[in-house]
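Below is start.cif, which holds mmCIF, C-alpha atoms (C1' of nucleotides).
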data_structure
#
loop_
_atom_site.group_PDB
_atom_site.id
_atom_site.type_symbol
_atom_site.label_atom_id
_atom_site.label_comp_id
_atom_site.auth_asym_id
_atom_site.auth_seq_id
_atom_site.Cartn_x
_atom_site.Cartn_y
_atom_site.Cartn_z
ATOM 1 C CA MET A 1 5.379 4.147 40.193
ATOM 2 C CA PRO A 2 8.912 4.519 38.748
ATOM 3 C CA GLY A 3 9.601 2.288 35.749
ATOM 4 C CA ALA A 4 6.067 0.988 35.648
ATOM 5 C CA GLU A 5 5.240 2.163 32.147
ATOM 6 C CA PRO A 6 6.910 -0.566 30.066
ATOM 7 C CA LEU A 7 5.368 -3.249 32.257
ATOM 8 C CA ARG A 8 1.921 -1.628 32.045
ATOM 9 C CA THR A 9 2.260 -1.372 28.268
ATOM 10 C CA VAL A 10 3.152 -5.051 27.966
ATOM 11 C CA TYR A 11 0.205 -6.007 30.158
ATOM 12 C CA ASP A 12 -2.280 -3.827 28.316
ATOM 13 C CA ARG A 13 -1.179 -5.092 24.922
ATOM 14 C CA LEU A 14 -1.320 -8.734 25.932
ATOM 15 C CA LEU A 15 -4.727 -8.317 27.545
ATOM 16 C CA THR A 16 -6.066 -6.576 24.441
ATOM 17 C CA ALA A 17 -4.622 -9.234 22.153
ATOM 18 C CA TYR A 18 -5.495 -12.356 24.109
ATOM 19 C CA GLY A 19 -8.223 -11.350 26.566
ATOM 20 C CA PRO A 20 -8.570 -12.684 30.133
ATOM 21 C CA GLN A 21 -7.006 -16.139 30.541
ATOM 22 C CA HIS A 22 -9.126 -17.299 33.501
ATOM 23 C CA TRP A 23 -6.230 -18.884 35.364
ATOM 24 C CA TRP A 24 -5.275 -21.098 37.148
ATOM 25 C CA PRO A 25 -7.146 -24.067 35.660
ATOM 26 C CA GLY A 26 -8.470 -26.103 38.609
ATOM 27 C CA ASP A 27 -11.725 -26.718 40.440
ATOM 28 C CA SER A 28 -10.403 -26.020 43.944
ATOM 29 C CA PRO A 29 -7.428 -24.485 45.765
ATOM 30 C CA PHE A 30 -6.198 -28.010 46.448
ATOM 31 C CA GLU A 31 -6.343 -28.973 42.791
ATOM 32 C CA VAL A 32 -4.419 -25.788 41.959
ATOM 33 C CA THR A 33 -1.812 -26.715 44.580
ATOM 34 C CA VAL A 34 -1.403 -30.238 43.227
ATOM 35 C CA GLY A 35 -1.164 -28.818 39.703
ATOM 36 C CA ALA A 36 1.639 -26.502 40.831
ATOM 37 C CA ILE A 37 3.743 -29.547 41.773
ATOM 38 C CA LEU A 38 2.815 -31.652 38.762
ATOM 39 C CA THR A 39 3.545 -28.912 36.236
ATOM 40 C CA GLN A 40 7.193 -28.627 37.265
ATOM 41 C CA SER A 41 9.136 -28.879 34.019
ATOM 42 C CA ALA A 42 6.180 -30.595 32.370
ATOM 43 C CA ALA A 43 3.681 -29.757 29.658
ATOM 44 C CA TRP A 44 0.283 -28.808 31.097
ATOM 45 C CA GLN A 45 -1.374 -31.284 28.759
ATOM 46 C CA ASN A 46 0.387 -34.079 30.651
ATOM 47 C CA VAL A 47 -0.509 -32.534 33.996
ATOM 48 C CA GLU A 48 -4.197 -32.661 33.063
ATOM 49 C CA LYS A 49 -3.886 -36.389 32.473
ATOM 50 C CA GLY A 50 -2.338 -36.901 35.877
ATOM 51 C CA ILE A 51 -4.993 -34.826 37.621
ATOM 52 C CA ALA A 52 -7.734 -36.710 35.762
ATOM 53 C CA ASN A 53 -6.197 -39.994 36.932
ATOM 54 C CA LEU A 54 -6.113 -38.764 40.528
ATOM 55 C CA LYS A 55 -9.753 -37.670 40.302
ATOM 56 C CA ALA A 56 -10.883 -40.947 38.749
ATOM 57 C CA ALA A 57 -9.139 -42.858 41.543
ATOM 58 C CA GLY A 58 -10.734 -40.668 44.215
ATOM 59 C CA ALA A 59 -7.250 -39.581 45.185
ATOM 60 C CA LEU A 60 -7.512 -35.840 44.663
ATOM 61 C CA SER A 61 -7.781 -34.893 48.319
ATOM 62 C CA PRO A 62 -5.171 -34.352 51.028
ATOM 63 C CA GLU A 63 -6.458 -37.303 53.090
ATOM 64 C CA ALA A 64 -6.429 -39.676 50.113
ATOM 65 C CA LEU A 65 -2.901 -38.689 49.136
ATOM 66 C CA ARG A 66 -1.689 -39.182 52.715
ATOM 67 C CA ARG A 67 -3.293 -42.606 52.775
ATOM 68 C CA LEU A 68 -2.062 -43.855 49.375
ATOM 69 C CA PRO A 69 1.380 -45.487 49.101
ATOM 70 C CA VAL A 70 3.821 -43.324 47.188
ATOM 71 C CA GLU A 71 4.066 -46.018 44.504
ATOM 72 C CA ASP A 72 0.331 -45.767 43.826
ATOM 73 C CA ILE A 73 0.502 -41.998 43.546
ATOM 74 C CA ALA A 74 3.430 -42.352 41.155
ATOM 75 C CA ARG A 75 1.399 -44.696 38.963
ATOM 76 C CA LEU A 76 -1.514 -42.264 38.804
ATOM 77 C CA ILE A 77 0.633 -39.272 37.891
ATOM 78 C CA HIS A 78 2.797 -41.227 35.449
ATOM 79 C CA PRO A 79 1.917 -39.033 32.411
ATOM 80 C CA CYS A 80 3.295 -35.947 34.193
ATOM 81 C CA GLY A 81 6.880 -37.165 34.029
ATOM 82 C CA TYR A 82 9.268 -37.346 37.009
ATOM 83 C CA TYR A 83 6.474 -39.343 38.585
ATOM 84 C CA ASN A 84 8.509 -40.887 41.410
ATOM 85 C CA ALA A 85 9.967 -37.540 42.408
ATOM 86 C CA LYS A 86 6.619 -35.775 42.147
ATOM 87 C CA ALA A 87 4.820 -38.473 44.138
ATOM 88 C CA ARG A 88 7.232 -37.855 47.014
ATOM 89 C CA LYS A 89 6.681 -34.118 46.656
ATOM 90 C CA LEU A 90 2.901 -34.542 46.837
ATOM 91 C CA LYS A 91 3.329 -36.607 49.994
ATOM 92 C CA ALA A 92 5.401 -33.838 51.573
ATOM 93 C CA LEU A 93 2.858 -31.244 50.510
ATOM 94 C CA VAL A 94 -0.201 -32.975 52.002
ATOM 95 C CA LEU A 95 1.648 -33.634 55.249
ATOM 96 C CA TRP A 96 2.405 -29.912 55.382
ATOM 97 C CA LEU A 97 -1.204 -28.977 54.582
ATOM 98 C CA GLU A 98 -2.483 -30.946 57.532
ATOM 99 C CA GLU A 99 -0.011 -29.263 59.856
ATOM 100 C CA ALA A 100 -0.389 -25.791 58.378
ATOM 101 C CA CYS A 101 -4.141 -25.471 58.073
ATOM 102 C CA GLY A 102 -5.866 -28.770 58.791
ATOM 103 C CA ASP A 103 -6.313 -29.187 55.021
ATOM 104 C CA HIS A 104 -8.323 -25.940 54.775
ATOM 105 C CA ILE A 105 -6.192 -23.985 52.335
ATOM 106 C CA GLU A 106 -8.503 -20.964 52.433
ATOM 107 C CA LYS A 107 -7.576 -20.441 56.100
ATOM 108 C CA LEU A 108 -4.029 -19.601 54.997
ATOM 109 C CA SER A 109 -5.193 -16.355 53.358
ATOM 110 C CA THR A 110 -5.150 -14.552 56.704
ATOM 111 C CA ARG A 111 -1.517 -15.367 57.377
ATOM 112 C CA ASN A 112 1.436 -13.086 56.656
ATOM 113 C CA THR A 113 2.547 -13.586 53.051
ATOM 114 C CA GLY A 114 6.288 -13.529 53.722
ATOM 115 C CA GLU A 115 6.061 -16.029 56.576
ATOM 116 C CA LEU A 116 3.786 -18.262 54.536
ATOM 117 C CA ARG A 117 6.219 -18.177 51.611
ATOM 118 C CA ARG A 118 9.178 -19.141 53.806
ATOM 119 C CA TRP A 119 7.104 -21.930 55.326
ATOM 120 C CA LEU A 120 6.144 -23.248 51.894
ATOM 121 C CA LEU A 121 9.742 -23.095 50.679
ATOM 122 C CA ALA A 122 10.722 -25.412 53.521
ATOM 123 C CA VAL A 123 8.451 -28.137 52.090
ATOM 124 C CA HIS A 124 10.277 -30.731 49.979
ATOM 125 C CA GLY A 125 9.593 -30.097 46.309
ATOM 126 C CA VAL A 126 8.387 -26.531 46.733
ATOM 127 C CA GLY A 127 10.751 -24.002 45.168
ATOM 128 C CA PRO A 128 10.162 -20.288 44.501
ATOM 129 C CA GLU A 129 7.909 -20.695 41.462
ATOM 130 C CA THR A 130 5.790 -23.430 42.999
ATOM 131 C CA ALA A 131 5.463 -21.507 46.273
ATOM 132 C CA ASP A 132 4.422 -18.341 44.461
ATOM 133 C CA SER A 133 1.954 -20.212 42.233
ATOM 134 C CA ILE A 134 0.307 -21.633 45.344
ATOM 135 C CA LEU A 135 0.339 -18.253 47.114
ATOM 136 C CA LEU A 136 -1.205 -16.433 44.166
ATOM 137 C CA TYR A 137 -3.496 -18.944 42.515
ATOM 138 C CA ALA A 138 -4.628 -21.059 45.469
ATOM 139 C CA ILE A 139 -4.454 -18.557 48.341
ATOM 140 C CA GLY A 140 -4.938 -15.229 46.553
ATOM 141 C CA LYS A 141 -1.813 -13.466 47.828
ATOM 142 C CA PRO A 142 -0.382 -10.612 45.704
ATOM 143 C CA VAL A 143 2.874 -12.294 44.628
ATOM 144 C CA PHE A 144 4.169 -12.358 41.062
ATOM 145 C CA VAL A 145 5.023 -15.776 39.634
ATOM 146 C CA ILE A 146 8.233 -15.905 37.614
ATOM 147 C CA ASP A 147 8.648 -18.773 35.182
ATOM 148 C CA ALA A 148 10.820 -19.610 32.195
ATOM 149 C CA TYR A 149 8.462 -17.749 29.838
ATOM 150 C CA THR A 150 8.582 -14.605 31.969
ATOM 151 C CA ARG A 151 12.383 -14.636 32.085
ATOM 152 C CA ARG A 152 12.642 -15.136 28.330
ATOM 153 C CA ILE A 153 10.112 -12.432 27.467
ATOM 154 C CA VAL A 154 11.444 -9.874 29.957
ATOM 155 C CA GLY A 155 14.950 -10.575 28.679
ATOM 156 C CA ARG A 156 13.906 -10.035 25.070
ATOM 157 C CA LEU A 157 12.261 -6.756 26.004
ATOM 158 C CA GLY A 158 15.518 -5.639 27.609
ATOM 159 C CA LEU A 159 13.832 -4.996 30.958
ATOM 160 C CA ALA A 160 16.256 -7.219 32.894
ATOM 161 C CA PRO A 161 19.369 -9.313 32.223
ATOM 162 C CA ALA A 162 18.306 -12.846 31.330
ATOM 163 C CA ARG A 163 20.739 -14.270 33.879
ATOM 164 C CA ASP A 164 19.129 -12.424 36.789
ATOM 165 C CA GLY A 165 17.845 -14.613 39.584
ATOM 166 C CA TYR A 166 14.246 -15.397 40.492
ATOM 167 C CA ASP A 167 14.028 -12.702 43.166
ATOM 168 C CA ASP A 168 15.462 -10.058 40.804
ATOM 169 C CA PHE A 169 12.738 -10.739 38.253
ATOM 170 C CA GLN A 170 10.086 -10.754 40.933
ATOM 171 C CA ARG A 171 11.199 -7.404 42.338
ATOM 172 C CA LEU A 172 10.953 -5.957 38.838
ATOM 173 C CA PHE A 173 7.222 -6.659 38.722
ATOM 174 C CA VAL A 174 6.239 -6.271 42.362
ATOM 175 C CA GLY A 175 8.239 -3.060 42.740
ATOM 176 C CA ARG A 176 6.708 -1.378 39.695
ATOM 177 C CA LEU A 177 3.092 -2.482 39.687
ATOM 178 C CA ARG A 178 0.291 -2.117 42.192
ATOM 179 C CA ARG A 179 -0.026 -5.240 44.336
ATOM 180 C CA ASP A 180 -3.210 -6.569 42.861
ATOM 181 C CA PRO A 181 -3.609 -10.366 42.965
ATOM 182 C CA HIS A 182 -6.115 -10.307 40.097
ATOM 183 C CA MET A 183 -3.758 -8.342 37.852
ATOM 184 C CA PHE A 184 -0.714 -10.445 38.842
ATOM 185 C CA ASN A 185 -2.781 -13.538 38.089
ATOM 186 C CA GLU A 186 -3.796 -12.271 34.665
ATOM 187 C CA TYR A 187 -0.356 -10.890 33.835
ATOM 188 C CA HIS A 188 1.450 -14.161 34.481
ATOM 189 C CA ALA A 189 -1.173 -16.125 32.569
ATOM 190 C CA LEU A 190 -0.831 -13.751 29.615
ATOM 191 C CA LEU A 191 2.971 -14.100 29.614
ATOM 192 C CA VAL A 192 2.590 -17.875 29.479
ATOM 193 C CA ARG A 193 0.042 -17.515 26.703
ATOM 194 C CA LEU A 194 2.472 -15.358 24.759
ATOM 195 C CA GLY A 195 5.346 -17.729 25.472
ATOM 196 C CA LYS A 196 3.366 -20.731 24.312
ATOM 197 C CA THR A 197 2.335 -19.128 21.053
ATOM 198 C CA ALA A 198 4.047 -16.216 19.359
ATOM 199 C CA CYS A 199 7.225 -16.157 21.460
ATOM 200 C CA ARG A 200 8.057 -19.805 20.873
ATOM 201 C CA LYS A 201 8.752 -19.666 17.162
ATOM 202 C CA LYS A 202 10.564 -17.095 15.103
ATOM 203 C CA PRO A 203 8.150 -17.196 12.140
ATOM 204 C CA LEU A 204 5.314 -16.221 14.503
ATOM 205 C CA CYS A 205 7.051 -13.002 15.603
ATOM 206 C CA GLU A 206 4.973 -10.952 13.197
ATOM 207 C CA VAL A 207 1.773 -11.851 15.049
ATOM 208 C CA CYS A 208 3.303 -11.135 18.476
ATOM 209 C CA PRO A 209 1.609 -8.216 20.284
ATOM 210 C CA LEU A 210 5.089 -7.127 21.441
ATOM 211 C CA PHE A 211 6.739 -7.473 18.026
ATOM 212 C CA ASP A 212 7.854 -3.846 17.752
ATOM 213 C CA ILE A 213 9.385 -3.591 21.251
ATOM 214 C CA CYS A 214 11.156 -6.972 21.206
ATOM 215 C CA LEU A 215 14.958 -6.742 21.044
ATOM 216 C CA PHE A 216 14.986 -10.178 19.462
ATOM 217 C CA ASN A 217 13.458 -8.663 16.323
ATOM 218 C CA LYS A 218 15.538 -5.501 16.332
ATOM 219 C CA ALA A 219 18.716 -7.608 16.352
ATOM 220 C CA ARG A 220 17.719 -9.481 13.233
ATOM 221 C "C1'" DG B 1 15.683 -38.930 16.697
ATOM 222 C "C1'" DC B 2 15.683 -34.364 18.903
ATOM 223 C "C1'" DC B 3 13.907 -30.603 21.568
ATOM 224 C "C1'" DC B 4 11.287 -28.803 25.077
ATOM 225 C "C1'" DA B 5 7.467 -28.173 28.409
ATOM 226 C "C1'" DG B 6 3.904 -23.190 33.551
ATOM 227 C "C1'" DG B 7 11.316 -26.622 38.321
ATOM 228 C "C1'" DT B 8 13.550 -28.605 42.322
ATOM 229 C "C1'" DG B 9 16.911 -30.979 45.191
ATOM 230 C "C1'" DG B 10 21.279 -32.838 46.055
ATOM 231 C "C1'" DG B 11 26.129 -33.251 45.240
ATOM 232 C "C1'" DT B 12 30.562 -31.160 44.220
ATOM 233 C "C1'" DA B 13 34.271 -27.637 43.731
ATOM 234 C "C1'" DT C 1 27.960 -19.399 46.144
ATOM 235 C "C1'" DA C 2 27.849 -21.434 41.608
ATOM 236 C "C1'" DC C 3 27.415 -24.822 38.566
ATOM 237 C "C1'" DC C 4 25.973 -29.687 37.179
ATOM 238 C "C1'" DC C 5 23.028 -33.446 37.003
ATOM 239 C "C1'" DA C 6 19.055 -36.561 37.982
ATOM 240 C "C1'" DC C 7 14.346 -36.801 37.710
ATOM 241 C "C1'" DA C 8 10.858 -38.813 32.746
ATOM 242 C "C1'" DT C 9 6.633 -38.406 29.806
ATOM 243 C "C1'" DG C 10 4.548 -36.960 25.473
ATOM 244 C "C1'" DG C 11 3.792 -33.860 21.511
ATOM 245 C "C1'" DG C 12 5.683 -31.254 17.598
#
Here is the file; what I need is its structure written in the form of structure tokens.
Amino acid sequence: MPGAEPLRTVYDRLLTAYGPQHWWPGDSPFEVTVGAILTQSAAWQNVEKGIANLKAAGALSPEALRRLPVEDIARLIHPCGYYNAKARKLKALVLWLEEACGDHIEKLSTRNTGELRRWLLAVHGVGPETADSILLYAIGKPVFVIDAYTRRIVGRLGLAPARDGYDDFQRLFVGRLRRDPHMFNEYHALLVRLGKTACRKKPLCEVCPLFDICLFNKAR
DNA sequence: GCCCAGGTGGGTA
DNA sequence: TACCCACATGGG
């Protein structure tokens, strides 16, 4: 595949350095889906607290979330931040799940990926990253998730202009790599791992597996 | 006290 | 279409 080499190199190096990341954390496709909403512009540590609260309250199911008043959901997910906004988003999501698949997320795997993505994007609170996280991590579709870490890292490697849009970044990966959900899953998780550790702080650059090919270092 | 974390929607020019 | 802002907690 044309242009695939740099992306393969990055993947191989990250996998060697960090090993499999076993993503997405979550006991069920529904928990993964809820996590995709709660993690919007939030630290995962806070998301875990919200999910634990939902579990403890017996509220981590589509039926329970449809039944609960939005104020109660907001209280349970308080640690996640934007709790009022996210409570409304969860409501919209579980209403959609009932309509889309009768709450059986696994049934969605047989549907056309593009149609499913457009359908998800029409749900309040589901943008491109959230839709793709659900498609890949909850449904197993071969879509590449682009997040802030991915943009930053790809930009620093000089593989794409940092101001490119979501779809531009996605085409970069999907167009140059084989469409393998397992590899896309691992690749995105590894980019987040890198972003959370070495890529976050300048002094840690020396331990970054991509140190020598990072423009950020060459410019210094 | 400040910055940022696995974004999205709505309003305005 | 392209910005700008609201939405909010918790850890470093």
Please provide the set of residues having any atom within 12 Å of A:Asn185, restricted to all atoms listed in the file, with same-chain residues fewer than 3 positions apart removed, written as a PyMOL selection string. chain A and resi 11+15+20-25+132-146+179-182+188-192
Box for chain B - axis-aligned, 8 Å on each of the six sides, all listed atoms - centre and size in Å to one decimal, as lines of an AutoDock Vina configuration file.
center_x = 19.1
center_y = -31.1
center_z = 31.4
size_x = 46.4
size_y = 31.7
size_z = 45.4
Expected answer as a count of residues only: chain C residues within 10 Å of chain A, all atoms listed in the file: 6
Applied to the shown file, which residues does the PyMOL selection byres ((chain A) within 9 of (chain B)) return, written as a PyMOL selection string? chain A and resi 36-37+39-44+124-130+147-149+189+192
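The space separating atom CA of A:Leu14 from atom CA of A:Pro209 comes to 6.4 Å.
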When you draw a straight line from atom CA of A:Leu93 to atom CA of A:Tyr166, how long is it in Å? 21.9 Å
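Put simply, atom CA of A:Val94 is 26.3 Å away from atom CA of A:Asp167.
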Of A:Ile153, A:Met1, A:Cys199, A:Arg88, the one sitting nearest A:Ala74 when using all atoms listed in the file is A:Arg88
Which residues come within 12 Å of A:Lys107, counting all atoms listed in the file, excluding same-chain residues fewer than 5 positions away, as a PyMOL selection string? chain A and resi 29+97-98+100-102+112+116+138-140
Could you take the residues named above and write them with C-alpha atoms, as a short mmCIF file (atom, residue, chain, number, x, y, z; two decimals), keeping the file's coordinate frame?
data_model
loop_
_atom_site.label_atom_id
_atom_site.label_comp_id
_atom_site.auth_asym_id
_atom_site.auth_seq_id
_atom_site.Cartn_x
_atom_site.Cartn_y
_atom_site.Cartn_z
CA PRO A 29 -7.43 -24.48 45.76
CA LEU A 97 -1.20 -28.98 54.58
CA GLU A 98 -2.48 -30.95 57.53
CA ALA A 100 -0.39 -25.79 58.38
CA CYS A 101 -4.14 -25.47 58.07
CA GLY A 102 -5.87 -28.77 58.79
CA ASN A 112 1.44 -13.09 56.66
CA LEU A 116 3.79 -18.26 54.54
CA ALA A 138 -4.63 -21.06 45.47
CA ILE A 139 -4.45 -18.56 48.34
CA GLY A 140 -4.94 -15.23 46.55
#
